[in-house]
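Quick notes on the structure that follows.
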Amino acid sequence: MTFELFIFYLLAAIASISGVMMITIKDPVKAALWLVLAFIATAGVWITAQAEFLGLVLILVYVGAVMVLFLFVVMMLDINLAILKEGFTQYLPIGTMVVLAISAMMYLVLGPERFGLEATGAPVVHSADYSNTKAIGIQLYTFHVYAFILAAVLLLIGIVAAIALTLRRRPTTEVRYQNIDKQVKTQASERLKMIKMTPVIEEPIKPKEEEEK
Amino acid sequence: MNFVIPSFTPAVPEMVLLALISTILIADTFWAKRFQFATYYATQISLVVVGFLIISSFATVPVITFDGSFVRDSFGDVLKLFVLAVSFGVFFFGREYLVQHKFFSGEFFVLGLFSVLGMFVMISAHNMITMYLGLEIMSLAIYAMVAMRKESAGAVEAGLKYFVLGALATGMLLYGFSMIYGATGSITFPEIADIIASGKADTVVLSFGVVFVVIGLAFKLGAVPFHMWVPDVYHGSPTAVTLFLATAPKIAAFAMLYRLLAEAMPDLLKDWQSLIIMLSVLSLIVGAFVAIVQDNLKRMLAYSGIGHMGFLLLGVIAATPDGYASAMFYVVIYAITGVAGFGVIATLSRTGKEFDLISDFKGLNARNPWLALMILMIMFSMAGVPPFIGFWAKLLVVEEIIQAGFLWLAVLAVIAAVISAFYYLKVIKAMYFDTPEDASKLEPANSRLTIGVSSIAILLLVLGLLPGTMIDVFFNSLNVVS
């Protein structure tokens, strides 16, 4: 066993174990942390396969941004675990059977017979100066530019949908809003109004001595 | 590296649509305060403009561009035109419903247009990546539309259900795609077809992938046993959104089915045909029986839609160009009738009253005889009673399935059609023979809506009397001489 192979098996084992842990553990915060570990191990596998750009992006985007945000949300929500787990055991027998059946069938199809090294051939090994990032960039901005733009549209919909679903305009009876149009259009004459008033003259305060008298 | 800048001309309708959507998205924030309906009119004008662009550059010969990721052919153009027409109807009925139920907002129309763009991408997809992206663009916009009515617990629940199950189905589809890519090493549809035909690909991996792809497709169509979301989502969503998600996406889902099964994997027929037969038979049975016990019209139409998907799949089972053309005709007729069927609910719905129970329709003939007559025509067309166009749609798929040698399926389909006629007649009975609880006159919120419902209902009748041209359009688009 070469050192590279050892690293691969190590990372693959970590990824599989943390994947299983993620779905079986009760606490959602811990589950999210296990998912982070699974991402990191997978990123490691990708880097050993010389897809260093994808591996780093996985860590930066998924671990660094998505999962951290997700953890914040999970920590802030008060999730009642008892309700979540209700009815879980009820479906356990049939669920286990389905999982076993599917896993068995998947093993028959995806086993080493069809996806082993003999069937697919050894992966291409690139020299040290080969840039994975450049190869992806060229593909993305030329041959797959249509898909690339569509992905941008998809992100735009994500923004629009998120705003449409969360923006709540409360009625003006509850909250006062700024009217920016009106604020910009104001003129000096509207800001300061001169009002003529009849002066009110206070009576001078009488000295103390007079009062006493 | 030799890269030639691809021709953009075939994709002009999509590009114009995207540009218009982006403009409306920004403009909506400015004009929404001053002109309440500006976004609505801009949306409808955009649909018309894009429709005009498609007609003026109608593709008679298939053109492939963007390095094999986009195809423009007459099949796609015909479906796109009907997607536009159906969406036009959806927004027409949707506007009044949104006003009546006090959640009119520009986002409804913007998200709807985005969804239309997603359908265009799906219809024109020529490789698996664009197909997937189109599907996501379409679905993501609809998920948000379903949940847009924040104060309604039912709508939020429906949105969540649709989102979670939809994400699961897309996951299945994507897994199937990865298997097919793994077996063939290609993502472009004709290349996949060539590699499969040459026999170089591993058949076990391929059929494994096909199973997942078919599951994903069945979910999007709402075919049994992947139909559990349909009644709940249709019922929970605001009627304006139900209108949309029950009609136009089905056309796009059919296009996806055609591109994936008929264009990319014609040689795997023996793998997917038996799966589709199962889906079709189950959908016909569930659609016929479960709809009978529903007392909510939206749920009833949801189950009837499941039954319709069973019919649509019959044409796909035949797997001949004629069969696909008949299925294509069926899905378009279903979408048009669906706009009318859910449009009726939107028409009669008022502030604080959904008007979606069958008991609400009791004695409608005494309250509004003209509208009752129109509903009668729509229900007859759905049930497949001649001379309405729904009859021709059913006739064509049944004819194709008999020619393909599945006589038992044809018999089953006809029996299912007869049983399902029962629940359509239940609505008609409620309208004509039951005494109304409230005998006051009933007028829709706006007379435009009566005109809308009437024009679709009369269209169903006129097309049914003169079906030749319409049927020819579909058969010609798949290069079949009928």
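Chain labels A, B, ... are given in the sequence in which chains occur in the structure tokens; within each chain residues are numbered consecutively from 1, and ligands are likewise numbered from 1 in the order shown.
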- Taking only C-alpha atoms into account, what are the residues of chain A at most 10 Å from chain B, put as a ChimeraX atom specification? /A:105-106,108-110,114-115,120,138,142-148,150-151,153-158,160-168
- Message: For region 470-475 of chain B, find every residue with an atom within 12 Å (counting only C-alpha atoms), except residues of its own chain fewer than 4 positions away, and show them as a PyMOL selection string.
- Response: chain B and resi 74-79+81-82+320-333+389+392-393+395-397+459-460+462-466+479-482
- Message: I'd like the neighbourhood of region 291-301 of chain B as a ChimeraX atom specification, where a residue qualifies if any of its atoms comes within 7 Å (using only C-alpha atoms), though same-chain residues fewer than 6 positions away should be ignored.
- Response: /B:231,234-235,356-358,423
- Query: region 52-196 of chain A: which residues are helix (DSSP H, G or I) by DSSP, as number ranges by chain?
  - Reply: A: 52-76, 81-85, 89-110, 112-115, 117-120, 132-141, 145-166, 180-185, 188-191
- Task: State, in Å with one decimal place, the distance from CA of Thr42 (chain A) to CA of Ala12 (chain A).
- Result: 7.2 Å
- Could you name the residues that touch Lys80 (chain B) at 9 Å or less, counting only C-alpha atoms, but leaving out those on the same chain fewer than 6 positions away, as a VMD selection string? chain B and resid 51 54 116 119 to 120 123 to 124 251 to 252
- Note on the structure: Among A:Leu5, A:Leu54, A:Val61, A:Ala119, Thr133 (chain A) is approached most closely, using only C-alpha atoms, by A:Leu54
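Secondary structure of region 64-302 of chain B, strand (DSSP E or B) only (DSSP, backbone atoms): B:Ile64, B:Thr65, B:Phe70, B:Val71, B:Arg72, B:Ala125, B:Asn127, B:Thr188, B:Asn296.
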- Non-local contacts of region 176-191 of chain A (12 Å; only C-alpha atoms; under 6 positions in same chain excluded) as a VMD selection string: (chain A and resid 169 to 170) or (chain B and resid 30 33)
- Message: Using only C-alpha atoms, can you tell me which of B:Ile458, B:Leu376, B:Val224, B:Leu160 comes closest to Lys429 (chain B)?
- Response: B:Leu376
- So how many Å separate CA of Asn365 (chain B) and CA of Met431 (chain B), to one decimal?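 Straight-line distance from CA of Asn365 (chain B) to CA of Met431 (chain B) works out to 5.6 Å.
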- Task: Could you jot down the CA of Ala340 (chain B) to CA of Val453 (chain B) separation for me, Å, one decimal place?
- Result: 6.0 Å
- Message: Under the rule that only C-alpha atoms are counted, which of B:His227, B:Lys270, B:Lys220, B:Lys362 is the nearest residue to Ala253 (chain B)?
- Response: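 Using only C-alpha atoms, the shortest distance to Ala253 (chain B) belongs to B:Lys220.
Nearest residue to Ala439 (chain B) among B:Phe37, B:Phe361, B:Phe8, B:Tyr303 is B:Phe361, counting only C-alpha atoms.
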- Would you list the contacts of Asn132 (chain A) as a PyMOL selection string, taking every protein, DNA or RNA residue within 8 Å and counting only C-alpha atoms, but skipping same-chain residues closer than 5 positions in sequence? chain A and resi 50-53
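All residues of protein, DNA or RNA that reach within 12 Å of Phe380 (chain B), judged by only C-alpha atoms and not counting those fewer than 6 positions away in the chain, are Thr337, Gly341, Leu373, Met374, Pro386, Pro387, Phe388, Ile389, Gly390, Phe391, Ala417, Val418, Ser420, Ala421, Phe422, Tyr423, Tyr424, Leu425, Lys426, Val427, Ile428, Ala457, Leu460, Leu461 and Gly464 of chain B.
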Limited to N, CA, C and O atoms, could you put the picked residues into a file as a tab-separated table (two decimals), in the first residue's frame?
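Output file result.tsv is given in full below:
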chain	number	residue	atom	x	y	z
B	337	THR	N	-56.95	23.08	-20.46
B	337	THR	CA	-58.15	22.79	-19.69
B	337	THR	C	-57.92	23.06	-18.21
B	337	THR	O	-58.81	23.54	-17.51
B	341	GLY	N	-60.06	25.11	-15.60
B	341	GLY	CA	-60.63	24.45	-14.42
B	341	GLY	C	-60.28	25.19	-13.14
B	341	GLY	O	-61.14	25.49	-12.31
B	373	LEU	N	-72.83	27.04	-17.31
B	373	LEU	CA	-72.72	26.38	-18.61
B	373	LEU	C	-71.26	26.23	-19.01
B	373	LEU	O	-70.83	25.19	-19.52
B	374	MET	N	-70.48	27.29	-18.74
B	374	MET	CA	-69.06	27.24	-19.10
B	374	MET	C	-68.33	26.16	-18.30
B	374	MET	O	-67.50	25.42	-18.84
B	386	PRO	N	-67.14	13.78	-26.22
B	386	PRO	CA	-67.19	14.49	-27.47
B	386	PRO	C	-68.34	15.50	-27.44
B	386	PRO	O	-69.30	15.27	-26.70
B	387	PRO	N	-68.32	16.62	-28.12
B	387	PRO	CA	-67.35	17.03	-29.15
B	387	PRO	C	-66.21	17.88	-28.61
B	387	PRO	O	-65.58	18.57	-29.40
B	388	PHE	N	-65.95	17.86	-27.32
B	388	PHE	CA	-64.90	18.75	-26.81
B	388	PHE	C	-63.51	18.18	-27.12
B	388	PHE	O	-63.36	17.00	-27.37
B	389	ILE	N	-62.48	19.07	-27.05
B	389	ILE	CA	-61.14	18.69	-27.50
B	389	ILE	C	-60.54	17.61	-26.60
B	389	ILE	O	-59.74	16.80	-27.06
B	390	GLY	N	-60.97	17.57	-25.34
B	390	GLY	CA	-60.46	16.53	-24.44
B	390	GLY	C	-60.72	15.13	-24.96
B	390	GLY	O	-59.93	14.21	-24.73
B	391	PHE	N	-61.80	14.99	-25.69
B	391	PHE	CA	-62.12	13.69	-26.28
B	391	PHE	C	-61.07	13.29	-27.30
B	391	PHE	O	-60.58	12.15	-27.31
B	417	ALA	N	-61.32	6.22	-17.79
B	417	ALA	CA	-61.97	7.45	-18.27
B	417	ALA	C	-63.44	7.45	-17.90
B	417	ALA	O	-64.00	8.48	-17.50
B	418	VAL	N	-64.08	6.26	-18.01
B	418	VAL	CA	-65.51	6.18	-17.68
B	418	VAL	C	-65.72	6.42	-16.19
B	418	VAL	O	-66.59	7.18	-15.78
B	420	SER	N	-63.75	8.07	-14.17
B	420	SER	CA	-63.45	9.45	-13.79
B	420	SER	C	-64.55	10.40	-14.27
B	420	SER	O	-64.70	11.48	-13.69
B	421	ALA	N	-65.30	10.00	-15.27
B	421	ALA	CA	-66.43	10.84	-15.70
B	421	ALA	C	-67.38	11.06	-14.52
B	421	ALA	O	-68.03	12.11	-14.42
B	422	PHE	N	-67.43	10.08	-13.61
B	422	PHE	CA	-68.35	10.17	-12.48
B	422	PHE	C	-68.11	11.42	-11.66
B	422	PHE	O	-69.02	12.15	-11.31
B	423	TYR	N	-66.84	11.71	-11.33
B	423	TYR	CA	-66.62	12.85	-10.43
B	423	TYR	C	-66.74	14.18	-11.16
B	423	TYR	O	-67.06	15.18	-10.54
B	424	TYR	N	-66.49	14.18	-12.46
B	424	TYR	CA	-66.75	15.44	-13.18
B	424	TYR	C	-68.25	15.71	-13.19
B	424	TYR	O	-68.71	16.83	-13.03
B	425	LEU	N	-69.01	14.61	-13.36
B	425	LEU	CA	-70.47	14.77	-13.38
B	425	LEU	C	-70.98	15.17	-12.00
B	425	LEU	O	-72.02	15.83	-11.89
B	426	LYS	N	-70.23	14.80	-10.95
B	426	LYS	CA	-70.64	15.18	-9.60
B	426	LYS	C	-70.69	16.71	-9.47
B	426	LYS	O	-71.61	17.27	-8.86
B	427	VAL	N	-69.70	17.37	-10.06
B	427	VAL	CA	-69.68	18.84	-10.03
B	427	VAL	C	-70.88	19.37	-10.82
B	427	VAL	O	-71.57	20.30	-10.38
B	428	ILE	N	-71.13	18.77	-11.98
B	428	ILE	CA	-72.23	19.24	-12.82
B	428	ILE	C	-73.57	19.02	-12.11
B	428	ILE	O	-74.45	19.88	-12.13
B	457	ALA	N	-63.43	28.10	-22.53
B	457	ALA	CA	-64.43	27.03	-22.67
B	457	ALA	C	-64.89	26.92	-24.11
B	457	ALA	O	-65.02	25.82	-24.66
B	460	LEU	N	-62.31	25.31	-26.23
B	460	LEU	CA	-62.31	23.85	-26.09
B	460	LEU	C	-63.35	23.23	-27.02
B	460	LEU	O	-63.13	22.18	-27.62
B	461	LEU	N	-64.50	23.91	-27.15
B	461	LEU	CA	-65.57	23.39	-28.00
B	461	LEU	C	-65.19	23.53	-29.47
B	461	LEU	O	-65.32	22.57	-30.25
B	464	GLY	N	-62.60	21.24	-30.47
B	464	GLY	CA	-63.16	19.89	-30.51
B	464	GLY	C	-63.94	19.64	-31.79
B	464	GLY	O	-63.96	18.53	-32.31
